[in-house]
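Okay, structure_22.pdb is below, PDB, C-alpha atoms, pLDDT in the B column:
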```pdb
ATOM      1  CA  MET A   1      16.933  22.092  70.530  1.00 44.00           C
ATOM      2  CA  ILE A   2      13.730  22.862  72.402  1.00 41.00           C
ATOM      3  CA  THR A   3      11.837  26.124  72.424  1.00 43.00           C
ATOM      4  CA  GLN A   4       8.516  27.127  73.924  1.00 50.00           C
ATOM      5  CA  LYS A   5       8.620  30.604  72.376  1.00 64.00           C
ATOM      6  CA  LYS A   6       5.998  31.477  69.771  1.00 76.00           C
ATOM      7  CA  TYR A   7       7.306  32.243  66.293  1.00 87.00           C
ATOM      8  CA  GLU A   8       5.649  33.380  63.115  1.00 92.00           C
ATOM      9  CA  LEU A   9       5.512  30.188  61.082  1.00 95.00           C
ATOM     10  CA  HIS A  10       5.520  29.688  57.319  1.00 96.00           C
ATOM     11  CA  LYS A  11       4.509  26.695  55.223  1.00 97.00           C
ATOM     12  CA  ALA A  12       6.873  24.523  53.201  1.00 98.00           C
ATOM     13  CA  TYR A  13       6.590  21.191  51.445  1.00 98.00           C
ATOM     14  CA  ILE A  14       9.113  18.436  51.929  1.00 98.00           C
ATOM     15  CA  LEU A  15      11.360  17.530  49.038  1.00 98.00           C
ATOM     16  CA  LYS A  16      13.233  14.771  50.869  1.00 97.00           C
ATOM     17  CA  ASN A  17      13.250  13.178  54.319  1.00 98.00           C
ATOM     18  CA  LYS A  18      16.012  10.565  54.213  1.00 97.00           C
ATOM     19  CA  GLU A  19      17.226   8.347  57.054  1.00 96.00           C
ATOM     20  CA  ILE A  20      21.002   8.652  56.667  1.00 94.00           C
ATOM     21  CA  THR A  21      21.882   6.401  59.602  1.00 92.00           C
ATOM     22  CA  PRO A  22      19.587   4.524  62.031  1.00 91.00           C
ATOM     23  CA  GLY A  23      17.443   7.114  63.823  1.00 92.00           C
ATOM     24  CA  THR A  24      18.992  10.144  62.100  1.00 95.00           C
ATOM     25  CA  PHE A  25      17.332  11.963  59.215  1.00 97.00           C
ATOM     26  CA  LEU A  26      18.118  14.728  56.760  1.00 97.00           C
ATOM     27  CA  LEU A  27      14.999  16.704  55.861  1.00 98.00           C
ATOM     28  CA  SER A  28      14.999  19.105  52.908  1.00 98.00           C
ATOM     29  CA  PHE A  29      12.628  21.744  51.551  1.00 98.00           C
ATOM     30  CA  LYS A  30      12.944  24.557  49.028  1.00 98.00           C
ATOM     31  CA  ARG A  31      14.930  27.599  50.143  1.00 98.00           C
ATOM     32  CA  THR A  32      12.896  30.800  49.744  1.00 96.00           C
ATOM     33  CA  PHE A  33      14.909  33.081  52.056  1.00 96.00           C
ATOM     34  CA  ASN A  34      18.461  34.107  52.929  1.00 97.00           C
ATOM     35  CA  PHE A  35      20.326  33.075  56.055  1.00 98.00           C
ATOM     36  CA  SER A  36      23.787  33.177  57.600  1.00 97.00           C
ATOM     37  CA  PRO A  37      25.643  29.863  58.127  1.00 98.00           C
ATOM     38  CA  GLY A  38      25.276  28.827  61.767  1.00 97.00           C
ATOM     39  CA  GLN A  39      21.760  30.180  62.213  1.00 97.00           C
ATOM     40  CA  VAL A  40      18.803  28.160  63.495  1.00 96.00           C
ATOM     41  CA  MET A  41      15.110  27.995  62.721  1.00 96.00           C
ATOM     42  CA  ALA A  42      12.023  26.729  64.543  1.00 96.00           C
ATOM     43  CA  LEU A  43      10.334  23.732  62.970  1.00 96.00           C
ATOM     44  CA  THR A  44       7.128  21.804  63.629  1.00 96.00           C
ATOM     45  CA  THR A  45       4.470  19.778  61.838  1.00 96.00           C
ATOM     46  CA  LYS A  46       1.381  21.500  63.277  1.00 93.00           C
ATOM     47  CA  GLU A  47       0.689  24.756  65.097  1.00 90.00           C
ATOM     48  CA  ASN A  48      -0.489  22.904  68.218  1.00 90.00           C
ATOM     49  CA  ILE A  49       2.799  20.981  68.503  1.00 92.00           C
ATOM     50  CA  PRO A  50       5.600  22.992  70.170  1.00 90.00           C
ATOM     51  CA  ALA A  51       8.313  23.979  67.700  1.00 93.00           C
ATOM     52  CA  ARG A  52      11.915  22.885  68.129  1.00 93.00           C
ATOM     53  CA  LEU A  53      15.016  24.748  67.030  1.00 94.00           C
ATOM     54  CA  TYR A  54      17.351  23.178  64.483  1.00 96.00           C
ATOM     55  CA  SER A  55      20.546  24.466  62.916  1.00 96.00           C
ATOM     56  CA  ILE A  56      20.461  24.739  59.155  1.00 98.00           C
ATOM     57  CA  ALA A  57      22.769  22.179  57.534  1.00 98.00           C
ATOM     58  CA  SER A  58      22.847  23.528  53.967  1.00 98.00           C
ATOM     59  CA  GLY A  59      24.914  26.195  52.254  1.00 98.00           C
ATOM     60  CA  ASN A  60      23.567  29.713  52.044  1.00 96.00           C
ATOM     61  CA  SER A  61      23.384  29.539  48.255  1.00 97.00           C
ATOM     62  CA  ASP A  62      21.953  26.009  48.037  1.00 98.00           C
ATOM     63  CA  GLU A  63      18.514  25.529  46.514  1.00 98.00           C
ATOM     64  CA  THR A  64      17.279  23.668  49.600  1.00 98.00           C
ATOM     65  CA  ILE A  65      17.183  24.084  53.349  1.00 98.00           C
ATOM     66  CA  ASP A  66      18.532  20.926  54.998  1.00 98.00           C
ATOM     67  CA  ILE A  67      17.740  19.986  58.594  1.00 98.00           C
ATOM     68  CA  LEU A  68      19.615  17.201  60.402  1.00 97.00           C
ATOM     69  CA  TYR A  69      17.730  15.616  63.303  1.00 96.00           C
ATOM     70  CA  ASP A  70      17.724  12.615  65.613  1.00 93.00           C
ATOM     71  CA  VAL A  71      14.491  10.823  66.419  1.00 95.00           C
ATOM     72  CA  LYS A  72      13.682  11.001  70.130  1.00 90.00           C
ATOM     73  CA  ASN A  73      11.216   8.168  70.698  1.00 88.00           C
ATOM     74  CA  GLU A  74       9.764   9.879  73.759  1.00 89.00           C
ATOM     75  CA  GLY A  75       9.549  13.234  71.990  1.00 87.00           C
ATOM     76  CA  GLU A  76       6.465  14.918  70.591  1.00 91.00           C
ATOM     77  CA  LEU A  77       7.934  16.205  67.330  1.00 95.00           C
ATOM     78  CA  THR A  78      10.724  14.051  65.892  1.00 95.00           C
ATOM     79  CA  PRO A  79       8.701  10.792  65.659  1.00 96.00           C
ATOM     80  CA  ARG A  80       6.178  12.781  63.608  1.00 96.00           C
ATOM     81  CA  LEU A  81       8.911  14.323  61.480  1.00 96.00           C
ATOM     82  CA  SER A  82      10.425  10.924  60.708  1.00 96.00           C
ATOM     83  CA  ILE A  83       7.273   9.597  59.006  1.00 96.00           C
ATOM     84  CA  LEU A  84       6.777  12.593  56.725  1.00 97.00           C
ATOM     85  CA  GLU A  85       7.198  12.037  53.008  1.00 97.00           C
ATOM     86  CA  LYS A  86       7.755  14.110  49.889  1.00 97.00           C
ATOM     87  CA  ASP A  87       5.107  16.837  49.460  1.00 98.00           C
ATOM     88  CA  ASP A  88       3.974  16.665  53.100  1.00 98.00           C
ATOM     89  CA  MET A  89       3.748  20.073  54.770  1.00 97.00           C
ATOM     90  CA  ILE A  90       5.876  21.426  57.606  1.00 97.00           C
ATOM     91  CA  LEU A  91       5.940  24.788  59.391  1.00 97.00           C
ATOM     92  CA  PHE A  92       9.101  26.822  59.877  1.00 97.00           C
ATOM     93  CA  SER A  93      10.213  30.178  61.255  1.00 97.00           C
ATOM     94  CA  SER A  94      12.575  32.689  59.726  1.00 96.00           C
ATOM     95  CA  PRO A  95      16.232  31.899  60.558  1.00 97.00           C
ATOM     96  CA  PHE A  96      17.958  33.669  63.424  1.00 96.00           C
ATOM     97  CA  GLY A  97      20.880  33.314  65.823  1.00 95.00           C
ATOM     98  CA  LYS A  98      24.433  34.536  66.429  1.00 93.00           C
ATOM     99  CA  PHE A  99      26.447  31.321  66.182  1.00 96.00           C
ATOM    100  CA  ILE A 100      28.305  32.930  63.295  1.00 96.00           C
ATOM    101  CA  ASP A 101      31.978  32.491  62.370  1.00 97.00           C
ATOM    102  CA  ASN A 102      34.117  34.664  60.086  1.00 95.00           C
ATOM    103  CA  ASN A 103      37.246  34.171  57.983  1.00 93.00           C
ATOM    104  CA  GLU A 104      39.672  34.183  60.906  1.00 95.00           C
ATOM    105  CA  PRO A 105      41.295  30.896  62.055  1.00 96.00           C
ATOM    106  CA  SER A 106      39.089  28.979  64.477  1.00 97.00           C
ATOM    107  CA  TYR A 107      38.321  25.588  65.991  1.00 97.00           C
ATOM    108  CA  TRP A 108      34.946  23.920  65.520  1.00 98.00           C
ATOM    109  CA  ILE A 109      33.984  21.268  68.074  1.00 98.00           C
ATOM    110  CA  SER A 110      30.839  19.153  67.827  1.00 96.00           C
ATOM    111  CA  THR A 111      29.084  15.947  68.797  1.00 93.00           C
ATOM    112  CA  GLY A 112      26.130  14.215  67.139  1.00 87.00           C
ATOM    113  CA  THR A 113      23.823  16.397  65.082  1.00 92.00           C
ATOM    114  CA  GLY A 114      25.750  19.375  66.447  1.00 94.00           C
ATOM    115  CA  ILE A 115      27.755  19.009  63.246  1.00 96.00           C
ATOM    116  CA  ALA A 116      24.911  20.736  61.340  1.00 96.00           C
ATOM    117  CA  PRO A 117      26.006  24.407  61.607  1.00 97.00           C
ATOM    118  CA  PHE A 118      29.548  23.495  60.575  1.00 97.00           C
ATOM    119  CA  ILE A 119      28.238  21.630  57.538  1.00 97.00           C
ATOM    120  CA  SER A 120      26.416  24.841  56.622  1.00 98.00           C
ATOM    121  CA  MET A 121      29.563  26.911  57.094  1.00 98.00           C
ATOM    122  CA  ILE A 122      31.654  24.596  54.914  1.00 98.00           C
ATOM    123  CA  LYS A 123      29.012  24.424  52.172  1.00 98.00           C
ATOM    124  CA  SER A 124      28.924  28.232  52.248  1.00 98.00           C
ATOM    125  CA  GLY A 125      32.679  28.394  51.560  1.00 96.00           C
ATOM    126  CA  LEU A 126      33.963  28.971  55.084  1.00 96.00           C
ATOM    127  CA  ILE A 127      36.855  26.489  55.011  1.00 95.00           C
ATOM    128  CA  LYS A 128      40.232  28.219  55.183  1.00 94.00           C
ATOM    129  CA  ASN A 129      42.016  27.995  58.550  1.00 94.00           C
ATOM    130  CA  LYS A 130      39.218  25.930  60.131  1.00 97.00           C
ATOM    131  CA  LYS A 131      39.838  22.855  62.270  1.00 97.00           C
ATOM    132  CA  LEU A 132      36.896  20.564  63.046  1.00 97.00           C
ATOM    133  CA  ILE A 133      36.973  18.161  66.006  1.00 97.00           C
ATOM    134  CA  HIS A 134      34.000  15.802  65.776  1.00 96.00           C
ATOM    135  CA  GLY A 135      33.060  13.342  68.516  1.00 95.00           C
ATOM    136  CA  ALA A 136      30.798  10.275  68.343  1.00 91.00           C
ATOM    137  CA  ARG A 137      30.267   6.914  70.050  1.00 88.00           C
ATOM    138  CA  ASN A 138      30.662   4.817  66.904  1.00 87.00           C
ATOM    139  CA  GLN A 139      31.396   5.174  63.201  1.00 86.00           C
ATOM    140  CA  TYR A 140      27.737   5.438  62.186  1.00 84.00           C
ATOM    141  CA  PHE A 141      27.427   8.854  63.795  1.00 88.00           C
ATOM    142  CA  PHE A 142      30.123  10.565  61.739  1.00 91.00           C
ATOM    143  CA  TYR A 143      27.625  12.142  59.387  1.00 86.00           C
ATOM    144  CA  PHE A 144      29.154  13.471  56.156  1.00 92.00           C
ATOM    145  CA  GLU A 145      32.567  12.012  57.036  1.00 92.00           C
ATOM    146  CA  ASP A 146      33.713  11.712  53.418  1.00 93.00           C
ATOM    147  CA  PHE A 147      32.521  15.226  52.613  1.00 96.00           C
ATOM    148  CA  LEU A 148      34.272  16.689  55.654  1.00 96.00           C
ATOM    149  CA  LYS A 149      37.540  14.927  54.847  1.00 95.00           C
ATOM    150  CA  SER A 150      37.404  16.097  51.239  1.00 96.00           C
ATOM    151  CA  LYS A 151      36.948  19.720  52.324  1.00 97.00           C
ATOM    152  CA  LEU A 152      39.120  19.930  55.447  1.00 97.00           C
ATOM    153  CA  GLY A 153      41.688  17.176  54.954  1.00 96.00           C
ATOM    154  CA  SER A 154      43.820  16.681  58.062  1.00 95.00           C
ATOM    155  CA  ASN A 155      41.963  19.545  59.760  1.00 96.00           C
ATOM    156  CA  TYR A 156      39.031  17.166  60.219  1.00 96.00           C
ATOM    157  CA  ILE A 157      39.639  15.156  63.401  1.00 95.00           C
ATOM    158  CA  PRO A 158      37.005  12.466  64.153  1.00 95.00           C
ATOM    159  CA  CYS A 159      37.176  11.188  67.744  1.00 95.00           C
ATOM    160  CA  CYS A 160      35.404   7.897  68.439  1.00 93.00           C
ATOM    161  CA  SER A 161      34.926   6.468  71.923  1.00 87.00           C
ATOM    162  CA  GLN A 162      33.896   2.976  70.728  1.00 87.00           C
ATOM    163  CA  CYS A 163      35.800   2.523  67.446  1.00 84.00           C
ATOM    164  CA  GLU A 164      38.848   0.409  66.710  1.00 79.00           C
ATOM    165  CA  ASP A 165      39.375   1.796  63.204  1.00 78.00           C
ATOM    166  CA  ASN A 166      42.656   3.713  63.015  1.00 82.00           C
ATOM    167  CA  ARG A 167      41.122   6.470  60.896  1.00 86.00           C
ATOM    168  CA  PHE A 168      39.622   7.809  64.141  1.00 91.00           C
ATOM    169  CA  PHE A 169      41.221   9.179  67.269  1.00 93.00           C
ATOM    170  CA  LYS A 170      40.460   6.475  69.844  1.00 92.00           C
ATOM    171  CA  GLY A 171      38.582   8.208  72.658  1.00 93.00           C
ATOM    172  CA  ARG A 172      36.273  11.122  73.300  1.00 94.00           C
ATOM    173  CA  LEU A 173      36.994  14.512  71.851  1.00 96.00           C
ATOM    174  CA  THR A 174      37.595  15.766  75.392  1.00 96.00           C
ATOM    175  CA  GLU A 175      40.509  13.315  75.629  1.00 96.00           C
ATOM    176  CA  TYR A 176      41.878  14.574  72.332  1.00 95.00           C
ATOM    177  CA  LEU A 177      41.762  18.151  73.612  1.00 96.00           C
ATOM    178  CA  LYS A 178      43.451  17.201  76.876  1.00 95.00           C
ATOM    179  CA  GLN A 179      46.298  15.543  74.970  1.00 94.00           C
ATOM    180  CA  LYS A 180      46.729  18.300  72.394  1.00 91.00           C
ATOM    181  CA  GLU A 181      49.687  20.463  73.348  1.00 86.00           C
ATOM    182  CA  ASN A 182      49.860  23.035  70.552  1.00 84.00           C
ATOM    183  CA  LEU A 183      46.372  24.485  70.955  1.00 88.00           C
ATOM    184  CA  SER A 184      46.144  28.011  69.555  1.00 90.00           C
ATOM    185  CA  ILE A 185      44.583  29.657  72.596  1.00 91.00           C
ATOM    186  CA  ASN A 186      44.071  33.015  70.894  1.00 92.00           C
ATOM    187  CA  GLU A 187      41.731  31.581  68.262  1.00 96.00           C
ATOM    188  CA  LYS A 188      37.964  31.342  68.637  1.00 97.00           C
ATOM    189  CA  PHE A 189      36.391  28.015  69.625  1.00 98.00           C
ATOM    190  CA  TYR A 190      32.880  27.219  68.395  1.00 98.00           C
ATOM    191  CA  LEU A 191      31.148  24.423  70.344  1.00 98.00           C
ATOM    192  CA  CYS A 192      27.930  22.725  69.269  1.00 96.00           C
ATOM    193  CA  GLY A 193      26.427  19.654  70.927  1.00 93.00           C
ATOM    194  CA  SER A 194      25.102  18.449  74.250  1.00 91.00           C
ATOM    195  CA  ALA A 195      25.251  20.615  77.357  1.00 92.00           C
ATOM    196  CA  GLU A 196      27.507  18.050  79.033  1.00 93.00           C
ATOM    197  CA  MET A 197      30.020  18.164  76.181  1.00 94.00           C
ATOM    198  CA  ILE A 198      30.031  21.944  76.089  1.00 96.00           C
ATOM    199  CA  VAL A 199      30.641  22.274  79.840  1.00 96.00           C
ATOM    200  CA  ASP A 200      33.429  19.676  79.757  1.00 97.00           C
ATOM    201  CA  VAL A 201      35.125  21.220  76.719  1.00 97.00           C
ATOM    202  CA  ARG A 202      34.811  24.738  78.085  1.00 97.00           C
ATOM    203  CA  ASP A 203      36.547  23.665  81.310  1.00 97.00           C
ATOM    204  CA  ILE A 204      39.373  21.999  79.366  1.00 97.00           C
ATOM    205  CA  LEU A 205      39.882  25.039  77.147  1.00 97.00           C
ATOM    206  CA  ILE A 206      39.918  27.464  80.062  1.00 96.00           C
ATOM    207  CA  ASP A 207      42.421  25.234  81.904  1.00 95.00           C
ATOM    208  CA  LYS A 208      44.617  25.452  78.804  1.00 95.00           C
ATOM    209  CA  GLY A 209      44.476  29.236  78.859  1.00 95.00           C
ATOM    210  CA  VAL A 210      41.765  29.964  76.295  1.00 96.00           C
ATOM    211  CA  PRO A 211      39.967  33.219  77.250  1.00 96.00           C
ATOM    212  CA  PHE A 212      36.310  32.679  78.150  1.00 95.00           C
ATOM    213  CA  ASN A 213      35.229  35.229  75.530  1.00 95.00           C
ATOM    214  CA  ASN A 214      36.884  33.114  72.824  1.00 96.00           C
ATOM    215  CA  ILE A 215      34.476  30.227  73.482  1.00 97.00           C
ATOM    216  CA  ILE A 216      31.155  30.431  71.638  1.00 97.00           C
ATOM    217  CA  SER A 217      28.610  27.682  72.203  1.00 95.00           C
ATOM    218  CA  GLU A 218      25.312  26.357  70.887  1.00 91.00           C
ATOM    219  CA  ILE A 219      23.626  23.730  73.074  1.00 86.00           C
ATOM    220  CA  TYR A 220      21.631  20.845  71.594  1.00 75.00           C
ATOM    221  CA  PHE A 221      19.095  19.007  73.754  1.00 58.00           C
TER     222      PHE A 221
END
```
Here is a file; write its structure as C-alpha cells.
Amino acid sequence: MITQKKYELHKAYILKNKEITPGTFLLSFKRTFNFSPGQVMALTTKENIPARLYSIASGNSDETIDILYDVKNEGELTPRLSILEKDDMILFSSPFGKFIDNNEPSYWISTGTGIAPFISMIKSGLIKNKKLIHGARNQYFFYFEDFLKSKLGSNYIPCCSQCEDNRFFKGRLTEYLKQKENLSINEKFYLCGSAEMIVDVRDILIDKGVPFNNIISEIYF
C-alpha cells in the first residue's frame, strides 16, 4: 500500500527479515504496542523515504510485529527493506484502520500479500465460522498454506490459476465465486488484494445478491 501522508514515526530494530518465497519477505520486530487484527501501519527505512502502509500479519498477543511484503524492483522502499538484516533500524507508525472483523460468520477473500490481515485475525483467535478464499498464480504464492489448512480445514479454499495440483481449485478465485451456488449472501465479505481483484469480486458478489454494505475492502497496490 502507498501513502504520502505524514505520520509520527517510531524506531524499531529488526529481529528477522526472511525471504519466504522468491521476492516475498516476512519482516519482524518487537511488539511494544496493542493493535486490532486487520489494522495497518506505515513503514519506512528513513524519514526522507515515503512510508508505505502494510497490514500487520501477527497475532495481537504475539511478541513480534510481522510484516509481509513483496519486493517491487522499481519501488523506492521494498528493495531497501529486502536488504535489511537483524538489528538494522526501521521506522513505523502506530497501527490504525477499520478493516476489522468480529465473531459473526464471514467470508475472507484475498490475493498475494493481501493474506496478511487474515493471518493476523487467525493468529488472534478469530477462526470460528470463517471461510478464506485465497487466490494466486502458482503454488509458491500460497503463503502459510499449511498453517491456514491446520486452522481452517475445508474452510480454506486456495484457488490457483496456473497449478495442476488437485489440492487447489483450478482457476482464479473469481471463477470459484462464479461457480459457487450456496453463497451466504447475508454474511459479510472482507476483500484484501489488488484493486482489480476487489472490483471484479465486488461485481460478482453484487450480481449474486450480496448487499453492497456487506462488502468491506482493503486495496493493496
TODO: Can you pull out every residue within 8 Å of Ile122 of chain A, counting all atoms listed in the file, but drop anything in the same chain fewer than 4 positions away, and send it as a PyMOL selection string?
DONE: chain A and resi 59+118+126-127+151
For Thr64 of chain A, please output as a PDB file with C-alpha atoms, in the frame of the given file all residues within 6 Å (counting only C-alpha atoms; exclusion window: fewer than 2 positions along the same chain).
```
ATOM      1  CA  PHE A  29      12.628  21.744  51.551  1.00 98.00           C
ATOM      2  CA  LYS A  30      12.944  24.557  49.028  1.00 98.00           C
ATOM      3  CA  ARG A  31      14.930  27.599  50.143  1.00 98.00           C
ATOM      4  CA  ASP A  62      21.953  26.009  48.037  1.00 98.00           C
TER       5      ASP A  62
END
```
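Using only C-alpha atoms for every distance, the candidate list A:Arg202, A:Arg172, A:Lys130, A:Lys180 yields A:Lys130 as the residue closest to Leu148 of chain A.
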- [ ] Give me the result of the PyMOL selection byres ((chain A and resi 145) around 12) on this file, residue by residue, as JSON, numbers by chain.
- [x] {"A": [115, 119, 132, 133, 134, 135, 136, 139, 140, 141, 142, 143, 144, 146, 147, 148, 149, 150, 151, 152, 153, 156, 157, 158, 159, 167, 168]}
Open item on the list: Which residues are close to segment 190-193 of chain A, i.e. within 9 Å by all atoms listed in the file, leaving aside same-chain residues fewer than 3 positions away? Reply as JSON, numbers by chain.
Closed with: {"A": [99, 100, 101, 106, 107, 108, 109, 110, 111, 112, 113, 114, 115, 116, 117, 118, 196, 197, 198, 201, 202, 214, 215, 216, 217, 218, 219, 220, 221]}
Please produce a file of those selected residues containing C-alpha atoms, as a CSV table (one decimal), in the frame of the given file.
```csv
chain,number,residue,atom,x,y,z
A,99,PHE,CA,26.4,31.3,66.2
A,100,ILE,CA,28.3,32.9,63.3
A,101,ASP,CA,32.0,32.5,62.4
A,106,SER,CA,39.1,29.0,64.5
A,107,TYR,CA,38.3,25.6,66.0
A,108,TRP,CA,34.9,23.9,65.5
A,109,ILE,CA,34.0,21.3,68.1
A,110,SER,CA,30.8,19.2,67.8
A,111,THR,CA,29.1,15.9,68.8
A,112,GLY,CA,26.1,14.2,67.1
A,113,THR,CA,23.8,16.4,65.1
A,114,GLY,CA,25.8,19.4,66.4
A,115,ILE,CA,27.8,19.0,63.2
A,116,ALA,CA,24.9,20.7,61.3
A,117,PRO,CA,26.0,24.4,61.6
A,118,PHE,CA,29.5,23.5,60.6
A,196,GLU,CA,27.5,18.0,79.0
A,197,MET,CA,30.0,18.2,76.2
A,198,ILE,CA,30.0,21.9,76.1
A,201,VAL,CA,35.1,21.2,76.7
A,202,ARG,CA,34.8,24.7,78.1
A,214,ASN,CA,36.9,33.1,72.8
A,215,ILE,CA,34.5,30.2,73.5
A,216,ILE,CA,31.2,30.4,71.6
A,217,SER,CA,28.6,27.7,72.2
A,218,GLU,CA,25.3,26.4,70.9
A,219,ILE,CA,23.6,23.7,73.1
A,220,TYR,CA,21.6,20.8,71.6
A,221,PHE,CA,19.1,19.0,73.8
```
For a cutoff of 12 Å around the file-coordinate point (41.9, 28.1, 79.4), which residues qualify once you count all atoms listed in the file? I'd like the result as an mmCIF file with C-alpha atoms, in the frame of the given file.
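Result went into out_4.cif, see below:
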```cif
data_model
loop_
_atom_site.group_PDB
_atom_site.id
_atom_site.type_symbol
_atom_site.label_atom_id
_atom_site.label_comp_id
_atom_site.auth_asym_id
_atom_site.auth_seq_id
_atom_site.Cartn_x
_atom_site.Cartn_y
_atom_site.Cartn_z
ATOM 1 C CA LEU A 177 41.762 18.151 73.612
ATOM 2 C CA LYS A 178 43.451 17.201 76.876
ATOM 3 C CA LEU A 183 46.372 24.485 70.955
ATOM 4 C CA SER A 184 46.144 28.011 69.555
ATOM 5 C CA ILE A 185 44.583 29.657 72.596
ATOM 6 C CA ASN A 186 44.071 33.015 70.894
ATOM 7 C CA GLU A 187 41.731 31.581 68.262
ATOM 8 C CA LYS A 188 37.964 31.342 68.637
ATOM 9 C CA PHE A 189 36.391 28.015 69.625
ATOM 10 C CA ASP A 200 33.429 19.676 79.757
ATOM 11 C CA VAL A 201 35.125 21.220 76.719
ATOM 12 C CA ARG A 202 34.811 24.738 78.085
ATOM 13 C CA ASP A 203 36.547 23.665 81.310
ATOM 14 C CA ILE A 204 39.373 21.999 79.366
ATOM 15 C CA LEU A 205 39.882 25.039 77.147
ATOM 16 C CA ILE A 206 39.918 27.464 80.062
ATOM 17 C CA ASP A 207 42.421 25.234 81.904
ATOM 18 C CA LYS A 208 44.617 25.452 78.804
ATOM 19 C CA GLY A 209 44.476 29.236 78.859
ATOM 20 C CA VAL A 210 41.765 29.964 76.295
ATOM 21 C CA PRO A 211 39.967 33.219 77.250
ATOM 22 C CA PHE A 212 36.310 32.679 78.150
ATOM 23 C CA ASN A 213 35.229 35.229 75.530
ATOM 24 C CA ASN A 214 36.884 33.114 72.824
ATOM 25 C CA ILE A 215 34.476 30.227 73.482
#
```
Task: Separation of atom CA of Glu8 of chain A from atom CA of Thr32 of chain A, in Å and rounded to one decimal - done: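 Atom CA of Thr32 of chain A lies 15.4 Å from atom CA of Glu8 of chain A.
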Answer key for the PyMOL selection byres ((chain A and resi 66-75) around 8), residues as a PDB file with C-alpha atoms, keeping the file's coordinate frame:
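As written to disk, result.pdb reads:
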```pdb
ATOM      1  CA  GLY A  23      17.443   7.114  63.823  1.00 92.00           C
ATOM      2  CA  THR A  24      18.992  10.144  62.100  1.00 95.00           C
ATOM      3  CA  PHE A  25      17.332  11.963  59.215  1.00 97.00           C
ATOM      4  CA  LEU A  26      18.118  14.728  56.760  1.00 97.00           C
ATOM      5  CA  LEU A  27      14.999  16.704  55.861  1.00 98.00           C
ATOM      6  CA  SER A  28      14.999  19.105  52.908  1.00 98.00           C
ATOM      7  CA  PHE A  29      12.628  21.744  51.551  1.00 98.00           C
ATOM      8  CA  TYR A  54      17.351  23.178  64.483  1.00 96.00           C
ATOM      9  CA  SER A  55      20.546  24.466  62.916  1.00 96.00           C
ATOM     10  CA  ILE A  56      20.461  24.739  59.155  1.00 98.00           C
ATOM     11  CA  ALA A  57      22.769  22.179  57.534  1.00 98.00           C
ATOM     12  CA  SER A  58      22.847  23.528  53.967  1.00 98.00           C
ATOM     13  CA  THR A  64      17.279  23.668  49.600  1.00 98.00           C
ATOM     14  CA  ILE A  65      17.183  24.084  53.349  1.00 98.00           C
ATOM     15  CA  GLU A  76       6.465  14.918  70.591  1.00 91.00           C
ATOM     16  CA  LEU A  77       7.934  16.205  67.330  1.00 95.00           C
ATOM     17  CA  THR A  78      10.724  14.051  65.892  1.00 95.00           C
ATOM     18  CA  PRO A  79       8.701  10.792  65.659  1.00 96.00           C
ATOM     19  CA  SER A  82      10.425  10.924  60.708  1.00 96.00           C
ATOM     20  CA  THR A 113      23.823  16.397  65.082  1.00 92.00           C
ATOM     21  CA  ALA A 116      24.911  20.736  61.340  1.00 96.00           C
TER      22      ALA A 116
END
```
TODO: For atom CA of Phe33 of chain A and atom CA of Ser93 of chain A, quote the distance in Å rounded to one decimal.
DONE: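 Value for the atom CA of Phe33 of chain A-atom CA of Ser93 of chain A distance: 10.7 Å.
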- [ ] Can you turn the PyMOL selection byres ((chain A and resi 51) around 10) into a concrete residue list for this file, as a list in words?
- [x] Met1, Ile2, Thr3, Gln4, Lys5, Lys6, Tyr7, Leu9, Met41, Ala42, Leu43, Thr44, Thr45, Lys46, Glu47, Asn48, Ile49, Pro50, Arg52, Leu53, Tyr54, Glu76, Leu77, Leu91, Phe92 and Ser93 of chain A
Task: Point-to-point distance from atom CA of Phe35 of chain A to atom CA of Pro22 of chain A, Å rounded to tenths - done: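 The value is 29.2 Å.
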- [ ] Go through A:Thr174, A:Gln39, A:Asn129, A:Ser194 and flag the residue nearest Gly97 of chain A, using only C-alpha atoms for the distances.
- [x]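 Among A:Thr174, A:Gln39, A:Asn129, A:Ser194, it is A:Gln39 that comes nearest to Gly97 of chain A.
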Open item on the list: I need the residue nearest Pro95 of chain A from this list: A:Ile83, A:Lys18, A:Glu63, A:Gly38. Use only C-alpha atoms for the distance.
Closed with: A:Gly38
TODO: Go through A:Glu104, A:Ser94, A:Asn17, A:Asn34 one by one, measure the shortest atom-to-atom distance of each to Arg80 of chain A using all atoms listed in the file, and give the residue with the smallest value.
DONE: A:Asn17
Mind filling out segment 22-27 of chain A with N, CA, C and O atoms and sending it as a PDB file, in the coordinates of the input?
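rebuild_13.pdb, freshly written:
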```
ATOM      1  N   PRO A  22      20.742   4.889  61.206  1.00 91.00           N
ATOM      2  CA  PRO A  22      19.587   4.524  62.031  1.00 91.00           C
ATOM      3  C   PRO A  22      19.196   5.607  63.043  1.00 91.00           C
ATOM      4  O   PRO A  22      19.985   5.993  63.902  1.00 91.00           O
ATOM      5  N   GLY A  23      17.971   6.126  62.892  1.00 92.00           N
ATOM      6  CA  GLY A  23      17.443   7.114  63.823  1.00 92.00           C
ATOM      7  C   GLY A  23      17.813   8.547  63.529  1.00 92.00           C
ATOM      8  O   GLY A  23      17.391   9.462  64.251  1.00 92.00           O
ATOM      9  N   THR A  24      18.582   8.784  62.463  1.00 95.00           N
ATOM     10  CA  THR A  24      18.992  10.144  62.100  1.00 95.00           C
ATOM     11  C   THR A  24      18.561  10.450  60.679  1.00 95.00           C
ATOM     12  O   THR A  24      18.810   9.661  59.767  1.00 95.00           O
ATOM     13  N   PHE A  25      17.917  11.599  60.497  1.00 97.00           N
ATOM     14  CA  PHE A  25      17.332  11.963  59.215  1.00 97.00           C
ATOM     15  C   PHE A  25      17.868  13.295  58.715  1.00 97.00           C
ATOM     16  O   PHE A  25      18.280  14.158  59.502  1.00 97.00           O
ATOM     17  N   LEU A  26      17.836  13.449  57.395  1.00 97.00           N
ATOM     18  CA  LEU A  26      18.118  14.728  56.760  1.00 97.00           C
ATOM     19  C   LEU A  26      16.875  15.132  55.980  1.00 97.00           C
ATOM     20  O   LEU A  26      16.489  14.467  55.016  1.00 97.00           O
ATOM     21  N   LEU A  27      16.240  16.209  56.447  1.00 98.00           N
ATOM     22  CA  LEU A  27      14.999  16.704  55.861  1.00 98.00           C
ATOM     23  C   LEU A  27      15.314  17.928  55.008  1.00 98.00           C
ATOM     24  O   LEU A  27      16.076  18.807  55.439  1.00 98.00           O
TER      25      LEU A  27
END
```
